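Down below is the structure, laid out as structure tokens.
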Amino acid sequence: MSSTVREIREILDKAYPPSLAESWDKVGLVCGDPEDKVEKVAFALDCTLEVAEQAIEVGADMLVVHHPLLLRGVHSVAADTPKGKVLHLLIRHGVALFAAHTNADSARPGVNDRLAELVGIHPGAPIAPKPGAAKDRWGVHVPAEYASNLKTALFSAGAGEIGDYDCCSFDLEGTGQFRPQEGAHPTLGEVGKLYRDQEIRVEFVAPKAKRAAILSALRYAHPYEEPAFDIVPLADDLDPREAPGLGRIGELPEPMTLKEFCQQVADALPETAWGIRCAGDPEQIVKKVAVSSGAGDSFLDVVRGLGVDVYLTSDLRHHPVDEYLRAGGPAVIDTAHWASEFPWTSQAEEIISREADVTTEIISLRTDPWTLSAHPRKNGHQEGA
């Protein structure tokens with residue numbers, strides 16, 4: 001029973017495509033030899049020193065985390081620096097480290113889907129959808145004897161990929177004609193004379209993002225100095241409710257008061273020292289909910305226009321929330337960052353358990369930095385500590 005670091009990485013990259021990561025993010029394999037054998041994979045939210053030590057203690061060969069250890073740049077990973085100490089410890093014991101961060105937030109299913117399900121809503125459309133993988137349909141006309149070489153060049157540039165298939169195209173036979181003018185250097189035909197011959201129209205689809213590369217390959221490999229072709233953008237057929245992106249919007253099976261929903265959230269999420277906070281009328285009826293795992297105050301302005309009854313996220317600050325409420329925003333629930341994202345570890349574990357021939361273990365250390373909360377004493381008793 002074993003796999004390799006490379007195979008585990010490929011499984012995780014398929015589940016949480018790196019292309020979904022935000023531009024500022026740093027995801028993927030942090031340390032480890034892709035060819036090393038993996039018999040056990042451990043999962044955690046953060047790669048703290050304590051987590052690394054426990055990963056070693058349980059015999060893990062690979063540690064998968066959500067928060068990248070090297071998200072912010074460092075100039076040294078010497079063993080006497082905080083991050084360097086963790087890296088040296090992992091490398092010394094042969095433990096590879098992999099991070100799936102905002103790509104896991106946006107993926108379907110991902111961090112936000114697990115959070116939505118836990119608090120009681122079906123994960124629907126994202127708050128901030130990712131642009132779909134827009135595609136073009138191409139048609140290019142080429143003499144039959146040149147079609148094979150042209151296809152090879154186009155496919156090498158990224159054309160003709162559909163799902164798990166590549167080199168996909170469709171040929172149509174027909175007759176093409178043209179008359180070269182003065183200054184032309186025709187591959188076939190003569191200047192000033194009408195030329196007609198059998199041609200093939202090659203049709204294929206390709207990602208819009210690869211349009212420039214495919215066009216370059218087409219012009220290079222086509223025998224004509226002025227090839228005839230057309231490009232038609234295709235509509236995105238992805239259901240918006242299933243699109244990848246940050247956050248999720250959904251509805252509760254039955255309406256409830258904000259106070260009841262807050263308690264439902266507190267009961268569903270992993271416990272932290274300070275629990276959750278809420279801003280809003282306790283007796284307000286809640287039905288439509290928006291959630292965003294981790295720090296979600298950047299979506300406060302967006303949430304006001306979603307028609308939701310409450311927005312659940314983490315790491316909220318006084319002034320942004322105050323201004324948001326003054327502007328008519330719906331109620332907000334502020335959870336611990338760790339609590340909103342740690343449940344993802346079980347989702348990632350399920351994927352690896354299903355797809356790889358390894359054993360797995362979730363490291364359940366609470367890496368939420370807050371360890372204590374207190375409230376004023378009343379009548380000689382301290383409440384809520």
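Letters A, B, ... mark the chains of the structure tokens in the order given; residue numbers begin at 1 per chain; ligand numbers begin at 1, in order shown.
Counting only C-alpha atoms, range 274-285 of chain A has the following residues at most 8 Å away, ignoring those fewer than 3 positions along the same chain: Pro255, Met256, Thr257, Leu258, Lys259, Cys262, Ala266, Glu271, Asp309, Pro330, Ala331, Val332, Ile333, Asp334, Thr335, Ala336, Trp370, Thr371, Leu372 and Ser373 of chain A.
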Practice problem: Can you pull out every residue within 10 Å of Ala116 in chain A, counting only C-alpha atoms, but drop anything in the same chain fewer than 2 positions away, and send it as a PyMOL selection string? | Solution: chain A and resi 111-114+118-124+247-251+289-293+312+340
Quiz item: Could you name the residues that touch Arg108 in chain A at 9 Å or less, counting only C-alpha atoms, but leaving out those on the same chain fewer than 3 positions away, as a count of residues only?
Solution: 11
Considering only C-alpha atoms, give me a table of residues in range 324-356 of chain A that are at most 9 Å from range 64-78 of chain A, with the closest atom pair and distance in Å for each, as a Markdown table.
```
| residue | atom | partner | partner_atom | distance |
| --- | --- | --- | --- | --- |
| A:Glu341 | CA | A:His66 | CA | 8.2 |
| A:Phe342 | CA | A:His66 | CA | 8.4 |
| A:Trp344 | CA | A:His66 | CA | 8.3 |
| A:Thr345 | CA | A:Val65 | CA | 7.8 |
| A:Ala348 | CA | A:Val64 | CA | 8.4 |
```
Quiz item: Got a sec: who's within 12 Å of Glu225 in chain A, counting only C-alpha atoms, leaving out chain neighbours fewer than 5 positions off, as a ChimeraX atom specification?
Solution: /A:142,180,183-188,218-220
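Put simply, CA of Arg179 in chain A is 8.9 Å away from CA of Arg196 in chain A.
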Practice problem: Kindly indicate which residue among A:Ala206, A:Val30, A:Ala21, A:Leu115 lies nearest to Gln347 in chain A, using only C-alpha atoms for the distances. | Solution: A:Leu115
Practice problem: Extract, using only C-alpha atoms, all DNA, RNA and protein residues at most 10 Å from Asp357 in chain A, discarding same-chain residues fewer than 5 positions from it, and format them as an MDAnalysis selection string. | Solution: chainID A and resid 1:4 8 38:40 352
Written selection (C-alpha atoms) as a PDB file, in the first residue's frame:
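The resulting part-v2.pdb:
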```
ATOM      1  CA  MET A   1       0.000   0.000   0.000  1.00  0.00           C
ATOM      2  CA  SER A   2       1.849   3.080  -1.228  1.00  0.00           C
ATOM      3  CA  SER A   3       1.878   5.893  -3.751  1.00  0.00           C
ATOM      4  CA  THR A   4       4.319   8.684  -4.619  1.00  0.00           C
ATOM      5  CA  ILE A   8      -0.723  12.562  -4.546  1.00  0.00           C
ATOM      6  CA  VAL A  38       4.123   7.826   0.273  1.00  0.00           C
ATOM      7  CA  GLU A  39       2.392   5.327   2.541  1.00  0.00           C
ATOM      8  CA  LYS A  40       0.591   7.781   4.835  1.00  0.00           C
ATOM      9  CA  ILE A 352      -7.016  10.954  -1.131  1.00  0.00           C
TER      10      ILE A 352
END
```
